[in-house]
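Notes for the one structure printed next.
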Amino acid sequence: MVFAEGKVAETARAVGAQIVGGTEMIEGLLDGTLKPNIILCTPGLIRAITPRLGRFLGPKGLMPSPRRGTVTDDIRGFIARTQGSNEWKADKGGVIRSPMGKIDWPHEDISKNVRAYVTSVIKATTKKGQNQAASDKSAFSRMLAKRAGKEKIKTAISRVVLSSSQGPGIVISDAIQV
């Protein structure tokens, strides 16, 4: 979702933003008809949306912020950088929750999603230069090798648990064969 007007709004639509508009979208967010997973805003509109949306979007982690880079005039650049990526953050206990698939998807697709996601988390949380000796292996494979005692590496991930929305969790980091 992009809060923009004029040429910036046209650019956002051209590069693939699904929901583009101005302050008229505020009501849609508040009443739940619009449910974006990321919100971008131009610097000119941030002052117009903050009073109405700050307390609503802030706790959800969706409020546009210059610190996160979601308040920008370069909508094209932001969308190009983030396309095909996933933004994540840990809660106070260090737990990252993210959907990996749907129940009717083939298990191979879910497995690929889990591997790609864990690999991106490991790469993002590993210090530069650390663990580069095994560059021919994926980060996920290195984590599993560490668990098996074959390789000594440091990772921020202590375990991976897969569960449905309301179902029990299954520890998979030791069970996956690489």
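Letters A, B, ... mark the chains of the structure tokens in the order given; residue numbers begin at 1 per chain; ligand numbers begin at 1, in order shown.
DSSP, applied to the backbone of this structure, assigns strand (DSSP E or B) to the following residues of range 4-131 of chain A: A:Val20, A:Gly21, A:Leu40, A:Cys41, A:Val71.
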Export of the given selection (all heavy atoms) as an mmCIF file, in the first residue's frame:
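See out.cif below for the written result:
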data_model
loop_
_atom_site.group_PDB
_atom_site.id
_atom_site.type_symbol
_atom_site.label_atom_id
_atom_site.label_comp_id
_atom_site.auth_asym_id
_atom_site.auth_seq_id
_atom_site.Cartn_x
_atom_site.Cartn_y
_atom_site.Cartn_z
ATOM 1 N N VAL A 20 -2.862 2.095 -4.092
ATOM 2 C CA VAL A 20 -2.230 3.411 -4.150
ATOM 3 C C VAL A 20 -3.313 4.466 -3.998
ATOM 4 O O VAL A 20 -4.375 4.378 -4.607
ATOM 5 C CB VAL A 20 -1.487 3.621 -5.498
ATOM 6 C CG1 VAL A 20 -0.832 4.984 -5.541
ATOM 7 C CG2 VAL A 20 -0.467 2.529 -5.724
ATOM 8 N N GLY A 21 -3.058 5.471 -3.166
ATOM 9 C CA GLY A 21 -4.012 6.554 -2.992
ATOM 10 C C GLY A 21 -3.514 7.564 -1.986
ATOM 11 O O GLY A 21 -2.372 7.496 -1.526
ATOM 12 N N LEU A 40 3.902 2.221 2.476
ATOM 13 C CA LEU A 40 4.863 3.252 2.111
ATOM 14 C C LEU A 40 4.137 4.586 2.080
ATOM 15 O O LEU A 40 2.933 4.640 1.850
ATOM 16 C CB LEU A 40 5.457 2.976 0.725
ATOM 17 C CG LEU A 40 6.130 1.639 0.501
ATOM 18 C CD1 LEU A 40 6.612 1.529 -0.934
ATOM 19 C CD2 LEU A 40 7.271 1.465 1.454
ATOM 20 N N CYS A 41 4.885 5.662 2.274
ATOM 21 C CA CYS A 41 4.283 6.988 2.273
ATOM 22 C C CYS A 41 5.302 8.002 1.763
ATOM 23 O O CYS A 41 6.498 7.861 2.009
ATOM 24 C CB CYS A 41 3.833 7.353 3.692
ATOM 25 S SG CYS A 41 2.965 8.916 3.789
ATOM 26 N N VAL A 71 9.160 5.905 4.465
ATOM 27 C CA VAL A 71 8.742 7.261 4.099
ATOM 28 C C VAL A 71 9.777 7.747 3.092
ATOM 29 O O VAL A 71 10.912 8.047 3.446
ATOM 30 C CB VAL A 71 8.682 8.210 5.316
ATOM 31 C CG1 VAL A 71 8.327 9.617 4.873
ATOM 32 C CG2 VAL A 71 7.681 7.706 6.329
#
#### Entry: Best match for closeness to Ala12 in chain A among A:Ser158, A:Ser98, A:Thr119, A:Thr72, counting only C-alpha atoms
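Of A:Ser158, A:Ser98, A:Thr119, A:Thr72, the one nearest Ala12 in chain A is A:Thr72, counting only C-alpha atoms.
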### Query
What does the distance between CA of Ile157 in chain A and CA of Arg68 in chain A come to in Å, to one decimal place?
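Answer for the CA of Ile157 in chain A to CA of Arg68 in chain A separation: 23.6 Å.
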### Best match for closeness to Ala17 in chain A among A:Ala116, A:Leu57, A:Ala4, A:Leu162, counting only C-alpha atoms
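Nearest to Ala17 in chain A: A:Ala4.
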### Query
Which value, in Å to one decimal, gives the distance between CA of Ile19 in chain A and CA of Asn113 in chain A?
25.8 Å
### Query
What gap, in Å, lies between CA of Val121 in chain A and CA of Ile96 in chain A?
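Here the two named atoms are 9.5 Å from each other.
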### Query
Nearest to Pro66 in chain A: which of A:Ala80, A:Ser165, A:Pro43, A:Arg115 is it, counting only C-alpha atoms?
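The closest residue to Pro66 in chain A is A:Pro43.
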### Query
Mind checking DSSP for range 90-123 of chain A and telling me the alpha helix (DSSP H) residues as a list in words?
His107, Glu108, Asp109, Ile110, Ser111, Lys112, Asn113, Val114, Arg115, Ala116, Tyr117, Val118, Thr119, Ser120, Val121, Ile122 and Lys123 of chain A
Requested write-out: C-alpha atoms of the selected residues, as a CSV table (one decimal), in the first residue's frame:
chain,number,residue,atom,x,y,z
A,107,HIS,CA,5.2,-30.3,1.1
A,108,GLU,CA,8.2,-29.7,-1.3
A,109,ASP,CA,7.2,-26.0,-1.7
A,110,ILE,CA,6.8,-25.5,2.0
A,111,SER,CA,10.2,-27.1,2.6
A,112,LYS,CA,11.8,-24.8,0.0
A,113,ASN,CA,10.1,-21.8,1.7
A,114,VAL,CA,11.4,-22.8,5.2
A,115,ARG,CA,14.9,-23.3,3.9
A,116,ALA,CA,15.0,-20.0,2.1
A,117,TYR,CA,13.6,-18.1,5.0
A,118,VAL,CA,15.9,-19.7,7.6
A,119,THR,CA,18.9,-19.0,5.2
A,120,SER,CA,17.9,-15.3,4.9
A,121,VAL,CA,17.6,-15.0,8.7
A,122,ILE,CA,21.0,-16.7,9.2
A,123,LYS,CA,22.6,-14.4,6.7
#### Entry: Long-range neighbours of Arg76 in chain A as a list of chain:residue names, 12 Å cut-off, only C-alpha atoms, 4 positions minimum in chain
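In the requested format, the answer is A:Val2, A:Lys7, A:Val8, A:Ala9, A:Glu10, A:Thr11, A:Ala12, A:Arg13, A:Ala14, A:Val15, A:Gly16, A:Ala17, A:Leu40, A:Thr42, A:Thr70, A:Thr72, A:Ala80, A:Arg81, A:Thr82, A:Gln83.
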Those selected residues, please, written with all heavy atoms and delivered as a compact mmCIF listing (two decimals), in the first residue's frame.
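Wrote it out as selection_27.txt, contents follow:
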# COMPACT_ATOMS: atom_id res chain seq x y z
N VAL A 2 0.56 2.19 -0.84
CA VAL A 2 1.36 3.40 -0.96
C VAL A 2 0.46 4.62 -0.80
O VAL A 2 -0.53 4.77 -1.52
CB VAL A 2 2.08 3.46 -2.33
CG1 VAL A 2 2.88 4.74 -2.45
CG2 VAL A 2 2.96 2.25 -2.53
N LYS A 7 2.47 12.32 -9.63
CA LYS A 7 3.38 11.48 -10.40
C LYS A 7 3.93 10.31 -9.59
O LYS A 7 4.18 9.24 -10.12
CB LYS A 7 4.53 12.32 -10.96
CG LYS A 7 4.12 13.24 -12.06
CD LYS A 7 5.32 13.93 -12.68
CE LYS A 7 4.85 14.81 -13.82
NZ LYS A 7 5.98 15.44 -14.51
N VAL A 8 4.13 10.53 -8.30
CA VAL A 8 4.65 9.44 -7.45
C VAL A 8 3.63 8.31 -7.38
O VAL A 8 3.99 7.13 -7.41
CB VAL A 8 5.01 9.96 -6.04
CG1 VAL A 8 5.50 8.84 -5.15
CG2 VAL A 8 6.06 11.06 -6.14
N ALA A 9 2.34 8.65 -7.32
CA ALA A 9 1.29 7.63 -7.29
C ALA A 9 1.25 6.87 -8.61
O ALA A 9 1.11 5.64 -8.62
CB ALA A 9 -0.06 8.28 -7.02
N GLU A 10 1.41 7.56 -9.73
CA GLU A 10 1.44 6.90 -11.03
C GLU A 10 2.63 5.96 -11.13
O GLU A 10 2.52 4.85 -11.65
CB GLU A 10 1.50 7.95 -12.15
CG GLU A 10 0.24 8.78 -12.27
CD GLU A 10 0.41 9.95 -13.22
OE1 GLU A 10 1.37 9.96 -14.03
OE2 GLU A 10 -0.43 10.86 -13.18
N THR A 11 3.77 6.40 -10.62
CA THR A 11 4.97 5.56 -10.61
C THR A 11 4.75 4.31 -9.77
O THR A 11 5.14 3.21 -10.17
CB THR A 11 6.18 6.35 -10.07
OG1 THR A 11 6.38 7.50 -10.87
CG2 THR A 11 7.43 5.51 -10.09
N ALA A 12 4.14 4.48 -8.61
CA ALA A 12 3.87 3.34 -7.72
C ALA A 12 2.98 2.31 -8.41
O ALA A 12 3.23 1.11 -8.33
CB ALA A 12 3.24 3.82 -6.42
N ARG A 13 1.96 2.77 -9.10
CA ARG A 13 1.08 1.85 -9.83
C ARG A 13 1.85 1.15 -10.94
O ARG A 13 1.68 -0.05 -11.18
CB ARG A 13 -0.12 2.60 -10.42
CG ARG A 13 -1.18 2.95 -9.42
CD ARG A 13 -2.43 3.54 -10.09
NE ARG A 13 -3.28 4.13 -9.10
CZ ARG A 13 -3.26 5.41 -8.74
NH1 ARG A 13 -2.40 6.25 -9.29
NH2 ARG A 13 -4.07 5.86 -7.81
N ALA A 14 2.72 1.89 -11.62
CA ALA A 14 3.48 1.33 -12.74
C ALA A 14 4.45 0.23 -12.30
O ALA A 14 4.68 -0.72 -13.05
CB ALA A 14 4.24 2.44 -13.47
N VAL A 15 5.01 0.36 -11.10
CA VAL A 15 5.99 -0.65 -10.65
C VAL A 15 5.34 -1.79 -9.88
O VAL A 15 6.03 -2.68 -9.41
CB VAL A 15 7.13 -0.03 -9.82
CG1 VAL A 15 7.96 0.90 -10.67
CG2 VAL A 15 6.63 0.65 -8.58
N GLY A 16 4.02 -1.77 -9.73
CA GLY A 16 3.33 -2.93 -9.16
C GLY A 16 2.73 -2.77 -7.79
O GLY A 16 2.32 -3.77 -7.20
N ALA A 17 2.66 -1.56 -7.25
CA ALA A 17 2.00 -1.38 -5.95
C ALA A 17 0.52 -1.71 -6.12
O ALA A 17 -0.12 -1.27 -7.06
CB ALA A 17 2.18 0.05 -5.46
N LEU A 40 3.90 2.22 2.48
CA LEU A 40 4.86 3.25 2.11
C LEU A 40 4.14 4.59 2.08
O LEU A 40 2.93 4.64 1.85
CB LEU A 40 5.46 2.98 0.72
CG LEU A 40 6.13 1.64 0.50
CD1 LEU A 40 6.61 1.53 -0.93
CD2 LEU A 40 7.27 1.47 1.45
N THR A 42 4.82 9.01 1.07
CA THR A 42 5.70 10.10 0.65
C THR A 42 5.84 11.08 1.81
O THR A 42 4.95 11.18 2.67
CB THR A 42 5.12 10.83 -0.57
OG1 THR A 42 3.83 11.35 -0.24
CG2 THR A 42 5.02 9.92 -1.77
N THR A 70 10.43 3.56 4.97
CA THR A 70 9.12 3.47 4.34
C THR A 70 8.48 4.83 4.10
O THR A 70 7.37 4.90 3.59
CB THR A 70 8.17 2.58 5.17
OG1 THR A 70 8.16 3.03 6.52
CG2 THR A 70 8.62 1.12 5.12
N THR A 72 9.39 7.77 1.81
CA THR A 72 10.33 8.08 0.76
C THR A 72 9.63 8.61 -0.48
O THR A 72 8.46 8.30 -0.70
CB THR A 72 11.16 6.83 0.39
OG1 THR A 72 12.08 7.16 -0.65
CG2 THR A 72 10.29 5.68 -0.06
N ALA A 80 11.63 -2.01 -5.87
CA ALA A 80 12.64 -2.85 -6.55
C ALA A 80 13.54 -3.55 -5.53
O ALA A 80 13.89 -4.72 -5.71
CB ALA A 80 13.47 -1.99 -7.48
N ARG A 81 13.92 -2.84 -4.45
CA ARG A 81 14.79 -3.45 -3.43
C ARG A 81 14.09 -4.53 -2.64
O ARG A 81 14.70 -5.51 -2.21
CB ARG A 81 15.28 -2.38 -2.44
CG ARG A 81 16.41 -1.55 -2.92
CD ARG A 81 16.99 -0.71 -1.79
NE ARG A 81 16.04 -0.03 -0.94
CZ ARG A 81 15.51 1.17 -1.17
NH1 ARG A 81 15.86 1.83 -2.25
NH2 ARG A 81 14.66 1.71 -0.33
N THR A 82 12.80 -4.37 -2.40
CA THR A 82 12.09 -5.29 -1.51
C THR A 82 11.29 -6.36 -2.22
O THR A 82 10.76 -7.25 -1.57
CB THR A 82 11.15 -4.52 -0.57
OG1 THR A 82 10.21 -3.80 -1.34
CG2 THR A 82 11.94 -3.61 0.34
N GLN A 83 11.20 -6.30 -3.53
CA GLN A 83 10.41 -7.29 -4.26
C GLN A 83 11.05 -8.67 -4.10
O GLN A 83 12.24 -8.84 -4.31
CB GLN A 83 10.32 -6.92 -5.72
CG GLN A 83 9.10 -7.48 -6.38
CD GLN A 83 8.67 -6.62 -7.56
OE1 GLN A 83 9.46 -5.93 -8.14
NE2 GLN A 83 7.40 -6.67 -7.88
### Among listed residues A:Thr23, A:Gln18, A:Gly6, A:Pro106, nearest Arg47 in chain A (using only C-alpha atoms)
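Closest candidate: A:Thr23.
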